[in-house]
Structure formats: C-alpha cells, structure tokens
$ cat model-v8.txt   # compact mmCIF, C-alpha atoms
# COMPACT_ATOMS: atom_id res chain seq x y z
CA MET G 1 16.88 -6.82 -27.97
CA LYS G 2 16.25 -10.27 -26.52
CA THR G 3 18.49 -9.40 -23.60
CA LEU G 4 16.49 -6.25 -22.89
CA LYS G 5 13.24 -8.20 -23.08
CA SER G 6 14.45 -10.76 -20.59
CA ILE G 7 15.62 -8.01 -18.23
CA PHE G 8 12.32 -6.19 -18.16
CA LYS G 9 10.26 -9.36 -17.96
CA GLY G 10 12.09 -9.96 -14.70
CA GLN G 11 11.49 -6.43 -13.41
CA VAL G 12 9.60 -7.63 -10.33
CA LEU G 13 12.45 -9.98 -9.42
CA SER G 14 14.88 -7.09 -9.90
CA ILE G 15 12.90 -4.96 -7.44
CA TYR G 16 13.01 -7.69 -4.82
CA ILE G 17 16.77 -8.07 -5.35
CA ALA G 18 17.18 -4.30 -4.97
CA MET G 19 15.09 -4.50 -1.79
CA VAL G 20 17.42 -7.10 -0.29
CA ALA G 21 20.42 -4.95 -1.18
CA VAL G 22 18.84 -1.90 0.47
CA ILE G 23 18.02 -3.93 3.60
CA ILE G 24 21.64 -5.10 3.84
CA LEU G 25 22.91 -1.54 3.37
CA PHE G 26 20.67 -0.06 6.07
CA SER G 27 21.44 -2.98 8.41
CA VAL G 28 25.14 -2.21 8.16
CA LEU G 29 24.66 1.54 8.60
CA CYS G 30 22.08 1.22 11.38
CA PRO G 31 22.26 -1.89 13.66
CA THR G 32 18.70 -1.38 14.94
CA PHE G 33 17.22 -1.46 11.42
CA PHE G 34 17.18 -5.24 10.93
CA THR G 35 14.89 -6.21 13.81
CA ALA G 36 11.48 -7.85 13.99
CA SER G 37 9.92 -4.82 15.67
CA ASN G 38 11.18 -2.48 12.94
CA ALA G 39 9.94 -4.87 10.26
CA LEU G 40 6.45 -4.72 11.78
CA THR G 41 6.75 -0.94 11.97
CA ILE G 42 7.56 -0.75 8.26
CA LEU G 43 4.68 -3.04 7.35
CA ARG G 44 2.28 -1.03 9.50
CA GLN G 45 3.49 2.22 7.91
CA ILE G 46 3.09 0.98 4.34
CA SER G 47 -0.30 -0.70 4.85
CA SER G 48 -2.32 2.35 3.81
CA LEU G 49 0.06 3.14 0.95
CA GLY G 50 -0.17 -0.46 -0.20
CA ILE G 51 -3.97 -0.46 -0.17
CA MET G 52 -4.07 2.80 -2.15
CA SER G 53 -1.55 1.38 -4.63
CA ILE G 54 -3.64 -1.72 -5.18
CA GLY G 55 -6.63 0.51 -5.87
CA MET G 56 -4.59 2.55 -8.32
CA MET G 57 -3.77 -0.63 -10.23
CA PHE G 58 -7.38 -0.95 -11.39
CA VAL G 59 -7.19 2.50 -12.96
CA MET G 60 -3.68 2.27 -14.40
CA LEU G 61 -4.28 -1.13 -15.97
CA LEU G 62 -6.68 0.73 -18.29
CA GLY G 63 -4.06 3.32 -19.14
CA ASN G 64 -5.54 5.98 -16.86
CA VAL G 65 -4.39 7.58 -13.62
CA ASP G 66 -5.99 9.05 -10.48
CA LEU G 67 -4.12 12.06 -9.12
CA SER G 68 -6.90 12.74 -6.60
CA ILE G 69 -6.25 9.58 -4.59
CA GLY G 70 -4.39 11.48 -1.84
CA THR G 71 -7.02 14.18 -1.42
CA GLN G 72 -9.72 11.49 -1.43
CA VAL G 73 -8.06 10.06 1.66
CA SER G 74 -7.97 13.51 3.25
CA LEU G 75 -11.62 14.31 2.52
CA ILE G 76 -12.92 10.94 3.68
CA GLY G 77 -10.95 11.24 6.92
CA ILE G 78 -12.23 14.77 7.55
CA CYS G 79 -15.83 13.79 6.81
CA ILE G 80 -15.78 10.77 9.13
CA SER G 81 -14.14 12.88 11.85
CA TYR G 82 -16.74 15.61 11.45
CA PHE G 83 -19.57 13.09 11.60
CA MET G 84 -18.29 11.50 14.81
CA VAL G 85 -17.11 14.60 16.68
CA ASN G 86 -19.21 17.51 15.46
CA LEU G 87 -22.44 15.69 14.59
CA HIS G 88 -22.05 13.05 17.34
CA MET G 89 -22.82 10.13 15.04
CA SER G 90 -21.96 6.56 15.97
CA ILE G 91 -18.83 4.99 14.52
CA GLY G 92 -20.86 2.70 12.28
CA VAL G 93 -23.01 5.45 10.76
CA ALA G 94 -19.97 7.71 10.26
CA LEU G 95 -18.07 4.94 8.49
CA ILE G 96 -21.01 4.10 6.22
CA LEU G 97 -21.38 7.75 5.22
CA GLY G 98 -17.62 7.97 4.68
CA ILE G 99 -17.72 4.93 2.38
CA LEU G 100 -20.58 6.47 0.39
CA ILE G 101 -18.63 9.70 0.00
CA GLY G 102 -15.63 7.72 -1.22
CA LEU G 103 -17.74 5.90 -3.79
CA ALA G 104 -19.22 9.23 -4.92
CA MET G 105 -15.72 10.64 -5.50
CA GLY G 106 -14.79 7.58 -7.55
CA PHE G 107 -17.98 7.99 -9.59
CA ILE G 108 -17.20 11.67 -10.22
CA ASN G 109 -13.70 10.85 -11.46
CA GLY G 110 -14.95 7.99 -13.60
CA PHE G 111 -17.72 10.10 -15.13
CA ALA G 112 -15.34 12.96 -15.94
CA VAL G 113 -12.88 10.64 -17.68
CA THR G 114 -15.37 8.28 -19.35
CA TYR G 115 -18.20 10.54 -20.44
CA GLY G 116 -16.61 13.95 -20.10
CA LYS G 117 -13.79 12.72 -22.34
CA ILE G 118 -11.29 14.64 -20.21
CA PRO G 119 -7.78 13.11 -20.05
CA SER G 120 -7.49 11.32 -16.74
CA ILE G 121 -4.44 13.27 -15.59
CA ILE G 122 -6.32 16.58 -16.10
CA ALA G 123 -9.67 15.40 -14.75
CA THR G 124 -8.28 13.94 -11.54
CA LEU G 125 -5.90 16.87 -11.04
CA GLY G 126 -8.97 19.11 -11.12
CA THR G 127 -10.99 16.97 -8.74
CA SER G 128 -8.01 16.73 -6.39
CA TRP G 129 -8.12 20.49 -5.91
CA VAL G 130 -11.88 20.35 -5.35
CA PHE G 131 -11.56 17.57 -2.75
CA LYS G 132 -8.69 19.39 -1.07
CA GLY G 133 -10.66 22.62 -0.88
CA ILE G 134 -13.70 20.87 0.59
CA SER G 135 -11.50 19.19 3.22
CA TYR G 136 -10.02 22.47 4.43
CA THR G 137 -13.41 24.17 4.34
CA ILE G 138 -15.06 21.53 6.53
CA CYS G 139 -12.36 21.54 9.20
CA ASN G 140 -11.36 25.22 8.80
CA ALA G 141 -7.75 24.01 8.42
CA GLN G 142 -7.83 22.68 11.99
CA PRO G 143 -7.44 19.04 13.13
CA ILE G 144 -10.56 17.27 14.39
CA PHE G 145 -10.07 14.97 17.38
CA GLY G 146 -11.98 13.45 20.25
CA PHE G 147 -12.94 10.08 18.74
CA PRO G 148 -14.43 7.22 20.77
CA ASP G 149 -11.68 5.07 22.31
CA SER G 150 -12.75 1.97 20.36
CA PHE G 151 -12.15 3.68 17.02
CA SER G 152 -8.36 3.47 17.37
CA THR G 153 -8.44 -0.35 17.42
CA LEU G 154 -8.43 -0.68 13.64
CA GLY G 155 -5.31 1.40 13.09
CA GLN G 156 -3.44 0.80 16.34
CA GLY G 157 -4.58 -2.65 17.44
CA SER G 158 -2.82 -5.98 16.93
CA LEU G 159 -3.86 -9.59 16.49
CA LEU G 160 -1.41 -12.34 17.49
CA GLY G 161 1.30 -9.70 17.75
CA ILE G 162 0.78 -8.44 14.21
CA PRO G 163 -0.80 -4.99 13.61
CA ILE G 164 -4.33 -5.17 12.17
CA PRO G 165 -3.50 -2.87 9.19
CA ILE G 166 -1.05 -5.51 7.95
CA TYR G 167 -3.84 -8.09 7.82
CA LEU G 168 -6.03 -5.65 5.91
CA PHE G 169 -3.24 -4.92 3.42
CA ALA G 170 -2.67 -8.64 2.89
CA ALA G 171 -6.40 -9.24 2.44
CA CYS G 172 -6.64 -6.45 -0.15
CA ALA G 173 -3.64 -7.82 -2.03
CA ALA G 174 -5.10 -11.33 -2.05
CA LEU G 175 -8.49 -10.05 -3.20
CA ALA G 176 -6.99 -7.97 -6.01
CA SER G 177 -4.80 -10.86 -7.14
CA PHE G 178 -7.85 -13.11 -7.26
CA ILE G 179 -9.81 -10.54 -9.29
CA PHE G 180 -6.99 -9.98 -11.78
CA ASN G 181 -6.10 -13.63 -12.28
CA ARG G 182 -9.29 -15.61 -11.64
CA THR G 183 -12.25 -13.51 -12.73
CA THR G 184 -13.72 -12.39 -16.02
CA TYR G 185 -13.65 -8.80 -14.82
CA GLY G 186 -9.92 -8.98 -14.16
CA ARG G 187 -9.12 -10.50 -17.54
CA THR G 188 -11.31 -7.86 -19.19
CA LEU G 189 -9.29 -5.12 -17.49
CA TYR G 190 -6.13 -6.39 -19.15
CA CYS G 191 -7.95 -6.72 -22.47
CA VAL G 192 -9.28 -3.15 -22.42
CA GLY G 193 -5.94 -1.81 -21.19
CA SER G 194 -4.09 -3.52 -24.02
CA ASN G 195 -6.39 -2.22 -26.78
CA ALA G 196 -9.63 -0.43 -25.92
CA ASP G 197 -10.80 -0.21 -29.55
CA THR G 198 -10.40 -3.94 -30.13
CA ALA G 199 -12.13 -4.65 -26.82
CA ARG G 200 -15.04 -2.41 -27.81
CA LEU G 201 -15.39 -4.18 -31.16
CA SER G 202 -15.41 -7.48 -29.27
CA GLY G 203 -18.52 -6.38 -27.38
CA ILE G 204 -16.83 -5.38 -24.12
CA ARG G 205 -18.42 -2.45 -22.30
CA VAL G 206 -15.34 -0.25 -22.20
CA ASN G 207 -17.11 2.69 -20.57
CA TYR G 208 -18.37 0.45 -17.78
CA MET G 209 -14.84 -0.85 -17.18
CA LYS G 210 -13.45 2.68 -16.93
CA MET G 211 -16.20 3.87 -14.58
CA SER G 212 -15.97 0.83 -12.35
CA SER G 213 -12.16 1.04 -12.14
CA TYR G 214 -12.39 4.52 -10.59
CA VAL G 215 -15.10 3.43 -8.16
CA ILE G 216 -13.02 0.42 -7.10
CA CYS G 217 -9.95 2.64 -6.72
CA ALA G 218 -11.97 4.97 -4.48
CA THR G 219 -13.15 1.99 -2.42
CA PHE G 220 -9.57 1.01 -1.64
CA SER G 221 -8.76 4.67 -0.91
CA THR G 222 -11.65 4.78 1.54
CA LEU G 223 -10.31 1.78 3.45
CA ALA G 224 -6.84 3.36 3.52
CA ALA G 225 -8.35 6.60 4.82
CA ILE G 226 -10.17 4.80 7.64
CA ILE G 227 -6.99 2.98 8.66
CA LEU G 228 -4.94 6.20 8.65
CA LEU G 229 -7.63 8.05 10.60
CA SER G 230 -7.77 5.30 13.20
CA ARG G 231 -3.98 5.19 13.50
CA VAL G 232 -3.44 8.96 13.80
CA ASN G 233 -6.62 9.35 15.89
CA SER G 234 -7.36 12.79 14.46
CA GLY G 235 -8.77 14.11 11.21
CA GLN G 236 -6.38 16.37 9.32
CA ALA G 237 -6.91 17.86 5.87
CA SER G 238 -3.23 17.36 5.05
CA THR G 239 -3.20 13.62 5.79
CA GLY G 240 -3.31 12.30 2.24
CA ILE G 241 -1.84 15.24 0.34
CA GLY G 242 1.16 14.13 -1.72
CA GLN G 243 0.41 10.43 -1.32
CA GLU G 244 -0.52 10.15 -5.00
CA MET G 245 3.17 10.46 -5.93
CA ASN G 246 4.15 7.68 -3.53
CA VAL G 247 1.36 5.53 -4.94
CA MET G 248 2.34 6.14 -8.55
CA THR G 249 6.00 5.51 -7.79
CA ALA G 250 5.19 2.18 -6.12
CA VAL G 251 2.85 1.04 -8.90
CA VAL G 252 5.12 2.01 -11.81
CA LEU G 253 8.18 0.68 -9.99
CA GLY G 254 6.31 -2.61 -9.63
CA GLY G 255 5.85 -2.96 -13.38
CA ILE G 256 2.50 -1.32 -14.19
CA CYS G 257 2.70 0.46 -17.55
CA PHE G 258 1.24 3.93 -17.98
CA THR G 259 -0.23 2.72 -21.25
CA GLY G 260 -2.12 -0.06 -19.42
CA GLY G 261 -2.62 -3.74 -20.02
CA ASP G 262 0.34 -5.03 -18.03
CA GLY G 263 1.26 -5.55 -14.38
CA GLN G 264 0.72 -7.81 -11.38
CA VAL G 265 -0.10 -7.37 -7.70
CA SER G 266 3.24 -8.93 -6.71
CA GLY G 267 5.04 -6.12 -8.52
CA THR G 268 3.02 -3.43 -6.77
CA ILE G 269 3.72 -5.04 -3.39
CA ALA G 270 7.43 -5.03 -4.26
CA GLY G 271 7.28 -1.33 -5.14
CA VAL G 272 5.43 -0.47 -1.92
CA LEU G 273 7.86 -2.46 0.21
CA LEU G 274 10.90 -0.83 -1.41
CA ILE G 275 9.52 2.66 -0.79
CA GLY G 276 8.63 1.79 2.80
CA ILE G 277 12.06 0.33 3.51
CA LEU G 278 13.84 3.34 1.99
CA GLN G 279 11.68 5.79 3.92
CA ASN G 280 12.15 3.98 7.22
CA GLY G 281 15.88 3.53 6.72
CA LEU G 282 16.44 7.17 5.82
CA VAL G 283 14.52 8.29 8.92
CA MET G 284 16.60 5.99 11.14
CA LEU G 285 19.77 7.42 9.62
CA GLY G 286 18.57 10.92 10.46
CA ALA G 287 17.89 12.04 6.89
CA GLY G 288 15.60 15.05 6.71
CA GLU G 289 12.31 15.34 4.86
CA TYR G 290 13.92 17.12 1.93
CA VAL G 291 16.49 14.37 1.46
CA GLN G 292 13.66 11.85 1.40
CA LEU G 293 11.91 13.89 -1.30
CA ILE G 294 15.08 13.83 -3.40
CA VAL G 295 15.36 10.06 -3.08
CA LYS G 296 11.68 9.54 -3.91
CA GLY G 297 12.00 11.80 -6.94
CA ILE G 298 14.99 9.87 -8.23
CA ILE G 299 13.14 6.57 -7.74
CA LEU G 300 10.10 7.90 -9.63
CA LEU G 301 12.29 9.08 -12.52
CA PHE G 302 13.96 5.67 -12.59
CA ALA G 303 10.58 3.90 -12.61
CA LEU G 304 9.32 6.11 -15.44
CA SER G 305 12.49 5.45 -17.42
CA VAL G 306 11.98 1.71 -17.05
CA ASP G 307 8.37 2.11 -18.14
CA SER G 308 9.44 4.07 -21.23
CA ILE G 309 11.96 1.40 -22.18
CA LYS G 310 9.32 -1.30 -21.77
CA GLN G 311 6.98 0.60 -24.07
CA PHE G 312 9.77 1.01 -26.62
CA ILE G 313 10.43 -2.74 -26.55
CA GLU G 314 6.74 -3.45 -27.02
CA SER G 315 6.55 -1.06 -29.97
CA ARG G 316 9.44 -2.89 -31.65
CA LYS G 317 7.68 -6.25 -31.54
CA PRO G 318 6.52 -7.52 -34.94
CA THR G 319 2.78 -7.22 -35.56
CA VAL G 320 2.46 -10.97 -35.90
CA GLU G 321 4.08 -11.53 -32.52
CA LYS G 322 1.65 -9.08 -30.89
CA ALA G 323 -1.28 -10.92 -32.44
CA LYS G 324 -0.17 -14.13 -30.79
$ encode --input "model-v8.txt" --output "structure tokens"
Amino acid sequence: MKTLKSIFKGQVLSIYIAMVAVIILFSVLCPTFFTASNALTILRQISSLGIMSIGMMFVMLLGNVDLSIGTQVSLIGICISYFMVNLHMSIGVALILGILIGLAMGFINGFAVTYGKIPSIIATLGTSWVFKGISYTICNAQPIFGFPDSFSTLGQGSLLGIPIPIYLFAACAALASFIFNRTTYGRTLYCVGSNADTARLSGIRVNYMKMSSYVICATFSTLAAIILLSRVNSGQASTGIGQEMNVMTAVVLGGICFTGGDGQVSGTIAGVLLIGILQNGLVMLGAGEYVQLIVKGIILLFALSVDSIKQFIESRKPTVEKAK
C-alpha cells in the first residue's frame, strides 16, 4: 500500500514524464514536430483549454463539476459577435456585456447546485442544453463575422514573438496558484472539498463557496471564449461544444479528485499540455478526427481509473491518520 501511495503522490511528475516520452515519440515519427514554431503553436492552441481547465478546478475542488463550460464559451462568443456585428456596439461595450452574461451563467449553475440541491452533473448538463439552444437561436445556426480589425489582436497577436494567449494562460495559472496557496479563500476551498459538513460546523459559509466557485469558473470560461472568438474571428455556436470533456480529462489527469479537496495548478497544466501535445502530434501524423476521439477517450478512462485508485487509497487510511 505504501508503494501505491508514493506512486499516486507523484502523479503530476508521472504526467510530465509521460509528456516527455510522447514528445520523443512524435519527434521520431515526425521530424517537424520538435521545433520552436510548433511548440508555440501548441501553446497557443491549448491556451483557451488551459484557462477553462483552471476555472474548472475551482468547481471540482469542491467535489462538483460543470458540464456546461463548453456551451458557455459558445454562448458568450455568439453574444459578443451579435453585439458587435448586428447591434453595431463598440468592442468595449460588447465585451462588458459578454462578461456579464458569463457571470450570469455561472450564477445560474451555482444557484441550481447550491440552493436547488440538484446534483452538479445533472444541473450543468441541463443548463448546457439551454445555453446551446440559445446560441443556435441567436445566430440561426449561422456563423457571425465582420468584426473590427483590432479585435483579432487578442487572439492572433504576439508580444516579443510569443502569442498573447500564452501570456493570458500563464497569468491565469499564476493567479489561480496564488489563490489556492496564499489566500484564505483558496485554503477554504480545500477544506470544504475535503469535508463540507465539518467545514459547515466550523463556521465556513459552504453555500457561498459553492456559488462563488461556479461564478469564478464562468469568469475563466468568459476569458477563454473571448480569446477563441478573437483567434477564429467569427462567432460560431459550435465553438465550445465538446470542450467540457477535454477540460475534465486535463483536470482529472492532472490529479484533481472528483470527490474534491485535492489537486494543484501544476497538475492541471501538465494535463492540458499532454492533451495539447497528443492532439498536435496526431494531426501532424495525419490521424483523423475519429482517431483523436479514441485516444482522448482512452486517456479519460485512464485518468478516471487513477482517480478511483486514489480514492480507494484514501478510504483505506486509518481514521487517526486522516485526522492528522
């Protein structure tokens, strides 16, 4: 049992080792894979996924999940596009309204889970269909384009040779790490995720933590949506659909437990990087979309298996050891 414990305590390190092995494999199979330009391409591609994954951490650390995160991205993108193109609003006003819509979606999810007492997987599955339907209704299933030229800077621009989305991803990761490790709010998240009943008896506002986690998650989703919209330069209702599975795979692969109370930003970054590298490498090798789905599914099953084993190990710990 001690051996198993030591293995899963080093899960993040294992993911980074696996990442190096995958990089070596793709470099051998495809000579153009291991280049600086392709590395920047991968980092640019995973920036939005990484930001969404960091947002998901706030929810999953409490033992909940947000299956609407992909359709949130779609709806926010469609709304901002509609505001700029159809209603001729300025970029600033459209972005502010888009942010408010994102916060509203987070509040709706949080309210349904916290006060509606609906299991998070059911509540957010329901809201995901609502958000998806609204997206397609607004755009009539057609892309919206014709943005001001300056809008593409955020998603397509570079600073010192590095794409701007990479800076934003790094900033989000640093901010989340600071919150989790250096603030009372972050420590409270872990406390509530570990044992909500004990936290409530200790005077912690558990309902507030749950509500705020969904709003924060939606805030990160909003930023990811803006980056994607700026990069693609058109609003499409299908943009974020399916992203929730990539997000969950990255987060669980990085060591976040479905039961909550455990996980670090470094692990989530590792999971996001591994998914990005695999996706990029498979594309360069000519693998089709369906092959990529198979690989992603296998990775998700593996991540869930690791999570189940971790939970089993935790359940086998003596009560006294847990108290410490």
$ residues_around --input "model-v8.txt" --residues "region 103-107 of chain G" --least-positions-apart "4" --cutoff "10 Å" --atoms "all atoms listed in the file" --output "PDB file with C-alpha atoms, in the coordinates of the input"
ATOM      1  CA  ASP G  66      -5.990   9.050 -10.480  1.00  0.00           C
ATOM      2  CA  SER G  68      -6.900  12.740  -6.600  1.00  0.00           C
ATOM      3  CA  ILE G  69      -6.250   9.580  -4.590  1.00  0.00           C
ATOM      4  CA  GLN G  72      -9.720  11.490  -1.430  1.00  0.00           C
ATOM      5  CA  LEU G  75     -11.620  14.310   2.520  1.00  0.00           C
ATOM      6  CA  ILE G  76     -12.920  10.940   3.680  1.00  0.00           C
ATOM      7  CA  LEU G  97     -21.380   7.750   5.220  1.00  0.00           C
ATOM      8  CA  GLY G  98     -17.620   7.970   4.680  1.00  0.00           C
ATOM      9  CA  ILE G  99     -17.720   4.930   2.380  1.00  0.00           C
ATOM     10  CA  PHE G 111     -17.720  10.100 -15.130  1.00  0.00           C
ATOM     11  CA  ALA G 112     -15.340  12.960 -15.940  1.00  0.00           C
ATOM     12  CA  VAL G 113     -12.880  10.640 -17.680  1.00  0.00           C
ATOM     13  CA  THR G 124      -8.280  13.940 -11.540  1.00  0.00           C
ATOM     14  CA  THR G 127     -10.990  16.970  -8.740  1.00  0.00           C
ATOM     15  CA  SER G 128      -8.010  16.730  -6.390  1.00  0.00           C
ATOM     16  CA  PHE G 131     -11.560  17.570  -2.750  1.00  0.00           C
ATOM     17  CA  MET G 211     -16.200   3.870 -14.580  1.00  0.00           C
ATOM     18  CA  SER G 212     -15.970   0.830 -12.350  1.00  0.00           C
ATOM     19  CA  SER G 213     -12.160   1.040 -12.140  1.00  0.00           C
ATOM     20  CA  TYR G 214     -12.390   4.520 -10.590  1.00  0.00           C
ATOM     21  CA  VAL G 215     -15.100   3.430  -8.160  1.00  0.00           C
ATOM     22  CA  ILE G 216     -13.020   0.420  -7.100  1.00  0.00           C
ATOM     23  CA  CYS G 217      -9.950   2.640  -6.720  1.00  0.00           C
ATOM     24  CA  ALA G 218     -11.970   4.970  -4.480  1.00  0.00           C
ATOM     25  CA  THR G 219     -13.150   1.990  -2.420  1.00  0.00           C
ATOM     26  CA  PHE G 220      -9.570   1.010  -1.640  1.00  0.00           C
ATOM     27  CA  SER G 221      -8.760   4.670  -0.910  1.00  0.00           C
ATOM     28  CA  THR G 222     -11.650   4.780   1.540  1.00  0.00           C
TER      29      THR G 222
END
$ residues_near_point --input "model-v8.txt" --point "(5.0, -7.5, -6.8)" --cutoff "12 Å" --atoms "only C-alpha atoms" --output "PDB file with C-alpha atoms, in the coordinates of the input"
ATOM      1  CA  GLY G  10      12.090  -9.960 -14.700  1.00  0.00           C
ATOM      2  CA  GLN G  11      11.490  -6.430 -13.410  1.00  0.00           C
ATOM      3  CA  VAL G  12       9.600  -7.630 -10.330  1.00  0.00           C
ATOM      4  CA  LEU G  13      12.450  -9.980  -9.420  1.00  0.00           C
ATOM      5  CA  SER G  14      14.880  -7.090  -9.900  1.00  0.00           C
ATOM      6  CA  ILE G  15      12.900  -4.960  -7.440  1.00  0.00           C
ATOM      7  CA  TYR G  16      13.010  -7.690  -4.820  1.00  0.00           C
ATOM      8  CA  ILE G  17      16.770  -8.070  -5.350  1.00  0.00           C
ATOM      9  CA  MET G  19      15.090  -4.500  -1.790  1.00  0.00           C
ATOM     10  CA  GLY G  50      -0.170  -0.460  -0.200  1.00  0.00           C
ATOM     11  CA  SER G  53      -1.550   1.380  -4.630  1.00  0.00           C
ATOM     12  CA  ILE G  54      -3.640  -1.720  -5.180  1.00  0.00           C
ATOM     13  CA  MET G  57      -3.770  -0.630 -10.230  1.00  0.00           C
ATOM     14  CA  ALA G 173      -3.640  -7.820  -2.030  1.00  0.00           C
ATOM     15  CA  ALA G 174      -5.100 -11.330  -2.050  1.00  0.00           C
ATOM     16  CA  SER G 177      -4.800 -10.860  -7.140  1.00  0.00           C
ATOM     17  CA  ALA G 250       5.190   2.180  -6.120  1.00  0.00           C
ATOM     18  CA  VAL G 251       2.850   1.040  -8.900  1.00  0.00           C
ATOM     19  CA  VAL G 252       5.120   2.010 -11.810  1.00  0.00           C
ATOM     20  CA  LEU G 253       8.180   0.680  -9.990  1.00  0.00           C
ATOM     21  CA  GLY G 254       6.310  -2.610  -9.630  1.00  0.00           C
ATOM     22  CA  GLY G 255       5.850  -2.960 -13.380  1.00  0.00           C
ATOM     23  CA  ILE G 256       2.500  -1.320 -14.190  1.00  0.00           C
ATOM     24  CA  GLY G 263       1.260  -5.550 -14.380  1.00  0.00           C
ATOM     25  CA  GLN G 264       0.720  -7.810 -11.380  1.00  0.00           C
ATOM     26  CA  VAL G 265      -0.100  -7.370  -7.700  1.00  0.00           C
ATOM     27  CA  SER G 266       3.240  -8.930  -6.710  1.00  0.00           C
ATOM     28  CA  GLY G 267       5.040  -6.120  -8.520  1.00  0.00           C
ATOM     29  CA  THR G 268       3.020  -3.430  -6.770  1.00  0.00           C
ATOM     30  CA  ILE G 269       3.720  -5.040  -3.390  1.00  0.00           C
ATOM     31  CA  ALA G 270       7.430  -5.030  -4.260  1.00  0.00           C
ATOM     32  CA  GLY G 271       7.280  -1.330  -5.140  1.00  0.00           C
ATOM     33  CA  VAL G 272       5.430  -0.470  -1.920  1.00  0.00           C
ATOM     34  CA  LEU G 273       7.860  -2.460   0.210  1.00  0.00           C
ATOM     35  CA  LEU G 274      10.900  -0.830  -1.410  1.00  0.00           C
TER      36      LEU G 274
END
$ residues_around --input "model-v8.txt" --residues "Val232 (chain G)" --least-positions-apart "4" --cutoff "12 Å" --atoms "all atoms listed in the file" --output "PyMOL selection string"
chain G and resi 45+77+81+143-147+151-156+225-228+236+239
$ write_last_selection --input "model-v8.txt" --atoms "C-alpha atoms" --output "PDB file, keeping the file's coordinate frame"
ATOM      1  CA  GLN G  45       3.490   2.220   7.910  1.00  0.00           C
ATOM      2  CA  GLY G  77     -10.950  11.240   6.920  1.00  0.00           C
ATOM      3  CA  SER G  81     -14.140  12.880  11.850  1.00  0.00           C
ATOM      4  CA  PRO G 143      -7.440  19.040  13.130  1.00  0.00           C
ATOM      5  CA  ILE G 144     -10.560  17.270  14.390  1.00  0.00           C
ATOM      6  CA  PHE G 145     -10.070  14.970  17.380  1.00  0.00           C
ATOM      7  CA  GLY G 146     -11.980  13.450  20.250  1.00  0.00           C
ATOM      8  CA  PHE G 147     -12.940  10.080  18.740  1.00  0.00           C
ATOM      9  CA  PHE G 151     -12.150   3.680  17.020  1.00  0.00           C
ATOM     10  CA  SER G 152      -8.360   3.470  17.370  1.00  0.00           C
ATOM     11  CA  THR G 153      -8.440  -0.350  17.420  1.00  0.00           C
ATOM     12  CA  LEU G 154      -8.430  -0.680  13.640  1.00  0.00           C
ATOM     13  CA  GLY G 155      -5.310   1.400  13.090  1.00  0.00           C
ATOM     14  CA  GLN G 156      -3.440   0.800  16.340  1.00  0.00           C
ATOM     15  CA  ALA G 225      -8.350   6.600   4.820  1.00  0.00           C
ATOM     16  CA  ILE G 226     -10.170   4.800   7.640  1.00  0.00           C
ATOM     17  CA  ILE G 227      -6.990   2.980   8.660  1.00  0.00           C
ATOM     18  CA  LEU G 228      -4.940   6.200   8.650  1.00  0.00           C
ATOM     19  CA  GLN G 236      -6.380  16.370   9.320  1.00  0.00           C
ATOM     20  CA  THR G 239      -3.200  13.620   5.790  1.00  0.00           C
TER      21      THR G 239
END
$ residues_near_point --input "model-v8.txt" --point "(13.1, 10.4, -6.6)" --cutoff "12 Å" --atoms "all atoms listed in the file" --output "ChimeraX atom specification"
/G:245-246,248-250,253,275,278-279,290-305
$ write_last_selection --input "model-v8.txt" --atoms "C-alpha atoms" --output "short mmCIF file (atom, residue, chain, number, x, y, z; two decimals), keeping the file's coordinate frame"
data_model
loop_
_atom_site.label_atom_id
_atom_site.label_comp_id
_atom_site.auth_asym_id
_atom_site.auth_seq_id
_atom_site.Cartn_x
_atom_site.Cartn_y
_atom_site.Cartn_z
CA MET G 245 3.17 10.46 -5.93
CA ASN G 246 4.15 7.68 -3.53
CA MET G 248 2.34 6.14 -8.55
CA THR G 249 6.00 5.51 -7.79
CA ALA G 250 5.19 2.18 -6.12
CA LEU G 253 8.18 0.68 -9.99
CA ILE G 275 9.52 2.66 -0.79
CA LEU G 278 13.84 3.34 1.99
CA GLN G 279 11.68 5.79 3.92
CA TYR G 290 13.92 17.12 1.93
CA VAL G 291 16.49 14.37 1.46
CA GLN G 292 13.66 11.85 1.40
CA LEU G 293 11.91 13.89 -1.30
CA ILE G 294 15.08 13.83 -3.40
CA VAL G 295 15.36 10.06 -3.08
CA LYS G 296 11.68 9.54 -3.91
CA GLY G 297 12.00 11.80 -6.94
CA ILE G 298 14.99 9.87 -8.23
CA ILE G 299 13.14 6.57 -7.74
CA LEU G 300 10.10 7.90 -9.63
CA LEU G 301 12.29 9.08 -12.52
CA PHE G 302 13.96 5.67 -12.59
CA ALA G 303 10.58 3.90 -12.61
CA LEU G 304 9.32 6.11 -15.44
CA SER G 305 12.49 5.45 -17.42
#
$ closest_residue --input "model-v8.txt" --among "G:Phe178, G:Met89, G:Ile23, G:Leu223" --to "Ile42 (chain G)" --atoms "all atoms listed in the file"
G:Ile23
$ atom_distance --input "model-v8.txt" --atom1 "CA of Ala141 (chain G)" --atom2 "CA of Leu87 (chain G)"
18.0 Å
$ residues_around --input "model-v8.txt" --residues "Tyr190 (chain G)" --least-positions-apart "4" --cutoff "12 Å" --atoms "all atoms listed in the file" --output "JSON, numbers by chain"
{"G": [57, 58, 59, 60, 61, 62, 63, 179, 180, 181, 183, 184, 185, 186, 194, 195, 196, 199, 204, 206, 209, 210, 213, 256, 257, 259, 260, 261, 262, 263, 264]}
$ atom_distance --input "model-v8.txt" --atom1 "CA of Ile122 (chain G)" --atom2 "CA of Gly242 (chain G)"
16.4 Å
